[in-house]
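What follows is a short report on a single structure.
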Amino acid sequence: MVLRAEHLGKQVSSPEGTLTILDDVSLVIPKGQTVAVLGASGAGKSTLLALLAGLDDPSSGRVWLRDHELTALDEDGRAQVRAEHVGFMFQSFHLLPSLTALENVMLPLELAGRRDARTAARAALVDVGLESRVSHYPRQLSGGEKQRVAIARAFVTTPSVLFADEPTGNLDAHTGERVLNLLFEMNRQRQTTLVLVTHDEALAARCTRRIELDAGRLSADRMN
Amino acid sequence: MAALLYALRTLARDWKSGEIGVLVVALLVAVGSLTAIAFFTDRVSKGVERQATEVLAADLRVRSSDEPNPDFFVEAGARGLDSARVLAFPSVVNFGDEGQLAALRAVSEGYPLRGALRVADDLFSSAYVVRDIPPPGEVWAESGLLARLGMAVGDTLQVGAVELRLTRVLEYRPDQSVGFVALAPTVLMNLADIPASGLVVPGSRVTWAALFAGGDAEIARFRAWLEPELVEGERLQDLSDAGEQVTGAIDRAQRFLTLASLVSVLLAAVAVAMAARRYAARHVDSVALMKCLGAPQRFVLQVGLWQLTLLALVAGVLGSVIGWLAQFGIAWLLAELVGGALPAPGWLPALMGLVTSLAVLTGFALPPIVQLRTVAPLRVLRRDLPPPRVAAWVSATTAIGVVVLMLYWVLRDLRLLLVVVGGIAVLLAALVLAGWLLVRVSGRLRGGVGVSWRYGLANISRRGGESITQVVAFGLGLMVLLLLTVVRNDLLDGWRASLPEDAPNNFIINVQPEELASVREIFRANDIEPPVFSPLVRARISHLNGVPVRELEVTDPDGRGLLTREANLSWSAPLPASNTLVAGRWWAEDSRGTEVSIEEGIAQSLGLGVGDTLGFSIAGEPLTGQITSIRAVAWDSFDPNFFVLFQPGEIEEFPTTWITSVFVPRDERTALLELVRQHPSVSVIDLESIIAQVRQVMDRASLAVQYVFGFTLLAGVVVLLAAVQATRDERRYESAMLRTFGARQGVVLRGIVAEFVALGLLAGILASVGAVVIGQVLARQVFRLDYAVDPMVLFGGPILGALLVGIAGTLATRSVVRTPPVQTLRA
Ligand SMILES: Nc1ncnc2c1ncn2[C@@H]1O[C@H](COP(=O)(O)OP(=O)(O)OP(=O)(O)O)[C@@H](O)[C@H]1O
Ligand SMILES: [Mg+2]
């Protein structure tokens, strides 16, 4: 068991009163599983992802990542857990513009205090086929290349879980396909748990489990 | 360590992309302007310090207005000490028909006992050290004298009744005033020539100095013997009190210039604040991502602090280099005032530069950077989350705190600090209010103008706060420039023009009673109406209301000056023409007694009024007078005027010389030459040449101040750049939209030109109005003139402002318009 959520709920106050955007979600995700999170726009997918990764505090319920109870930690405590066990990929907003590809990949290693950051990061870039792009800045890279740097960065710390919010949303079908192949390849090699938010049925079909959200509630949870 | 590395990488990257350029330039302006002053004053102080050990030309010096007691020299000789004498006084020296006021110094064998004279054989040949003094019959003069009289080495100079040959050019003497050079050039001569010159007679205004030097122990013993021997009017000086006066003057100049440069620092700091805010805003996403990847708040904070520290270091060092270069300009502008070659500056000002850049960053950039650590990591998923805001009171408190600390650092005086802070607050409030009004009014106008102007004016009122900052920044810089150039000249010219054509242009002093008739006769013989002579008695104030002055604590510097210096007394039966009574009553014309009338300013600084008594010591004799009236004096009448006037009577018993002022047309100056030849001890002082010299000094000094305020304008440009940068994304988007809707590039550009020209006009209006108001106040209060508004002031501000801001702003924004709209809208 890598991830566990119990009775997760999130309410926000809005001008029209309290809004429930996530309602009593419980789930357990074992090591190595690949999970697709589906649902209509505004269903609460990103919210769930944020709570599972400890990016935000739930209004109710508890979350464990490995043996850390995220909901009992403060922001810095959760950051440390993320540094050690979590990787991320996003639809946009991938890389730090002021760092080269190599430096971007090095960053999580440095944050975790790893001494071999440079060699490990270089190796990770070689793994995603970007050895010729190490000293390029993000603005000099194409969308697919950027997302591959993001994959290298996500896997370089050998995280237990990788969260991805619509990782191929901004890519054309062909490039998206290549990025996904890479993602699942990494999952196979390193037994990394994947939690992917997506609208893409084809992608969901490649996962071992699919979870559907509807207006903040867990409406379906089944194995493929 | 990781934080430092990350900070370095981001800074390097942001520097390349121009992201922190404005921030760095603003810091450079702040550090450069402050260290320029610091380096310069450091050089002057070093010059003073270096000379301090020889500034007396002796180890011990006794100054007096009468010839020193010969016993002093006998005793010194018996104790194995060296000694020498110096007699100094101002006098007009002549070469052919030309006269020039000079500082005569007649010295005895052995002078100087400490340090050495440096002379040159000719005006432009190199100087060397000499160990002797001018032999009898010869003089050495400073180059200024040669230049003004058109003399060369070898010519003969008329000094009183004797003719002395100029044999060397005096380059340096150890006891010359450092810091600010005396107006009259020095003429060094042998004391043995004085009797024949006839220049010094009893009652002449002269200063004697007895110099002594020897081993430390002997000097200390001699001093112990000497002190009880001193009589009133003799003042003992050693090295410790010699430098005091000079240092005081330098201190004041330094404070003033530093305060002036703090104006630029403040403006630059505003630019720093704007740039830092934008920098923080642009890094919110990066910070969110870093925190998402596991960076704790501590790390984010460390990165920010490292970035600021690195910036402070770089800007501190580079800014100090700029300051170091800029001080050459100030030194050049003030070369004539400061005199001689200054030593190279030390390194301390660079440290000050570092402290300045750290302080400015701490006060104005730290809050938004520190706040970055609270960015929510959730922003990686929800970009619409608002970025963290720094509470207004936090940024205001840190900024004000740092400014007050910096001011205190410069002023080192709590009371002065309060006055300055209060003054700045009032001034800023007035400027901001004026700026706000201008911006408001210009916003109203936009209904009546063309499309480009409407667009420009709309932009100004939309960016209200920033527009006001820019209007104030440029307005202040332009106002100071207008004041120092146009208004200053207008006022001085106006003052000169306000003097009557035949206002006295020469003072005649040191006329002995028995010479009066003959002097009057010389005037009559030259068809000049003989002027009215006033008696002059030299005295010292010994008591105020019966209390000895040395037991009094007088804090007012003018009052203290009057008590320590020798005072000039006079007597008069009628109230003199240029005086008006403000309190008490004037004595009856035929009365005799010891009533006293004092000038109102001096009454104020000594806290005296009608009914108080003043005790004097005149040539060792006591005389007490009772104040029966207070007078206001029109000093610019150029009549001889006195702080203290006695009723005729007992005062007439004391040694008296006579003085007067007289108008002598330029082409009748031969009368004066004749007078000086026949009466060598009489001094004629040419007011016009003194006014010309004072004016020259003021010109130089105000050039230096303008130079300092040049940095203020530069700071204004940086504020403009920061504002442009802060709005760049917005402008780019706007321009792309306008052009997508079909506006041609020219239209958009014209709008931007209009915006900055209007901004410059507003700043210029503020500057002109400010300069006119201050000019009027000065004219009325200080110069008592009617000063018509100079069109140069009225139009100079807006024209200069429109040009400066229009060009700078357009240049800075141009690239925005050039970016193709597609590129902007896609990003
Ligand atoms: N802090 C908040 N304040 C107000 N509303 C919020 C907040 N966070 C989320 N919401 C709302 O909650 C709902 C769920 O948001 P969420 O981002 O989780 O949806 P999503 O399933 O990821 O949608 P999409 O597929 O469009 O990304 C949305 O309607 C969103 O506007
Ligand atoms: Mg979403």
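Following the order of the structure tokens, chains are lettered A, B, ..., residues in each are numbered from 1, and ligands are numbered from 1.
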Contacts to ligand 2 at 9 Å cut-off (only C-alpha atoms and all ligand atoms) as a short mmCIF file (atom, residue, chain, number, x, y, z; two decimals) with N, CA and C atoms, in the first residue's frame:
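Dumped everything to result-v5.cif:
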data_model
loop_
_atom_site.label_atom_id
_atom_site.label_comp_id
_atom_site.auth_asym_id
_atom_site.auth_seq_id
_atom_site.Cartn_x
_atom_site.Cartn_y
_atom_site.Cartn_z
N SER A 41 -15.26 17.92 -16.58
CA SER A 41 -14.54 19.11 -16.13
C SER A 41 -15.22 19.68 -14.89
N GLY A 42 -14.43 19.97 -13.88
CA GLY A 42 -14.99 20.51 -12.64
C GLY A 42 -15.45 19.44 -11.69
N ALA A 43 -15.20 18.16 -12.00
CA ALA A 43 -15.67 17.07 -11.15
C ALA A 43 -14.85 16.96 -9.87
N GLY A 44 -13.64 17.52 -9.87
CA GLY A 44 -12.82 17.48 -8.65
C GLY A 44 -11.57 16.64 -8.80
N LYS A 45 -11.19 16.32 -10.04
CA LYS A 45 -10.03 15.46 -10.27
C LYS A 45 -8.74 16.10 -9.76
N SER A 46 -8.50 17.34 -10.18
CA SER A 46 -7.27 18.01 -9.76
C SER A 46 -7.26 18.21 -8.25
N THR A 47 -8.43 18.47 -7.69
CA THR A 47 -8.52 18.65 -6.24
C THR A 47 -8.09 17.38 -5.52
N LEU A 49 -6.17 15.01 -6.68
CA LEU A 49 -4.74 14.83 -6.90
C LEU A 49 -3.93 15.68 -5.91
N ASP A 165 -1.16 15.38 -14.02
CA ASP A 165 -2.45 16.01 -14.31
C ASP A 165 -2.49 16.30 -15.81
N GLU A 166 -3.24 15.48 -16.53
CA GLU A 166 -3.35 15.60 -17.99
C GLU A 166 -1.99 15.80 -18.64
N VAL A 197 -4.47 11.90 -14.04
CA VAL A 197 -5.76 12.53 -14.31
C VAL A 197 -5.85 12.70 -15.81
N THR A 198 -6.97 12.27 -16.41
CA THR A 198 -7.05 12.37 -17.88
C THR A 198 -8.48 12.39 -18.36
N LEU B 381 -1.38 23.45 -9.74
CA LEU B 381 -2.59 22.92 -10.35
C LEU B 381 -3.65 23.99 -10.57
N ARG B 382 -3.65 24.97 -9.70
CA ARG B 382 -4.67 26.02 -9.81
C ARG B 382 -3.98 27.36 -9.97
#
### Task
Within 12 Å of Asp200 (chain A), counting only C-alpha atoms, which residues show up once you throw out same-chain ones fewer than 2 positions away? Write them as a ChimeraX atom specification, please.
/A:36-40,165-169,173,176-177,180,196-198,202-207,210
### Query
What does the distance between CA of Gly154 (chain B) and CA of Glu138 (chain B) come to in Å, to one decimal place?
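These atoms are spaced 9.6 Å apart.
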### Message
Quick one: residues within 9 Å of Gln11 (chain A), only C-alpha atoms, excluding same-chain residues fewer than 4 positions away - as number ranges by chain?
### Response
A: 18-23, 58-60
#### Entry: Non-local contacts of Gln189 (chain A) (12 Å; only C-alpha atoms; under 3 positions in same chain excluded) as a ChimeraX atom specification
/A:32,127,155,158,182-186,192-193
### Task
Using only C-alpha atoms, find the residues of chain A whose closest atom to chain B is at most 7 Å away, then write them as a PyMOL selection string.
chain A and resi 46+50+55-56+76+79-80+82-83+96+98-99+108+110-111
### Query
What are the DSSP strand (DSSP E) residues of region 670-802 of chain B, as JSON, numbers by chain?
{"B": [683, 684, 685, 686]}
Any chance you could export the current selection's N, CA, C and O atoms as a compact mmCIF listing (two decimals), in the first residue's frame?
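Produced file result_26.txt, reproduced below:
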# COMPACT_ATOMS: atom_id res chain seq x y z
N SER B 683 44.20 100.56 4.45
CA SER B 683 43.88 99.49 3.51
C SER B 683 42.65 99.85 2.71
O SER B 683 41.66 100.33 3.27
N VAL B 684 42.73 99.62 1.41
CA VAL B 684 41.58 99.83 0.55
C VAL B 684 41.11 98.46 0.08
O VAL B 684 41.90 97.69 -0.45
N ILE B 685 39.85 98.16 0.32
CA ILE B 685 39.34 96.85 -0.07
C ILE B 685 38.32 97.03 -1.18
O ILE B 685 37.30 97.71 -1.00
N ASP B 686 38.60 96.43 -2.33
CA ASP B 686 37.74 96.57 -3.49
C ASP B 686 36.59 95.58 -3.39
O ASP B 686 36.76 94.38 -3.52
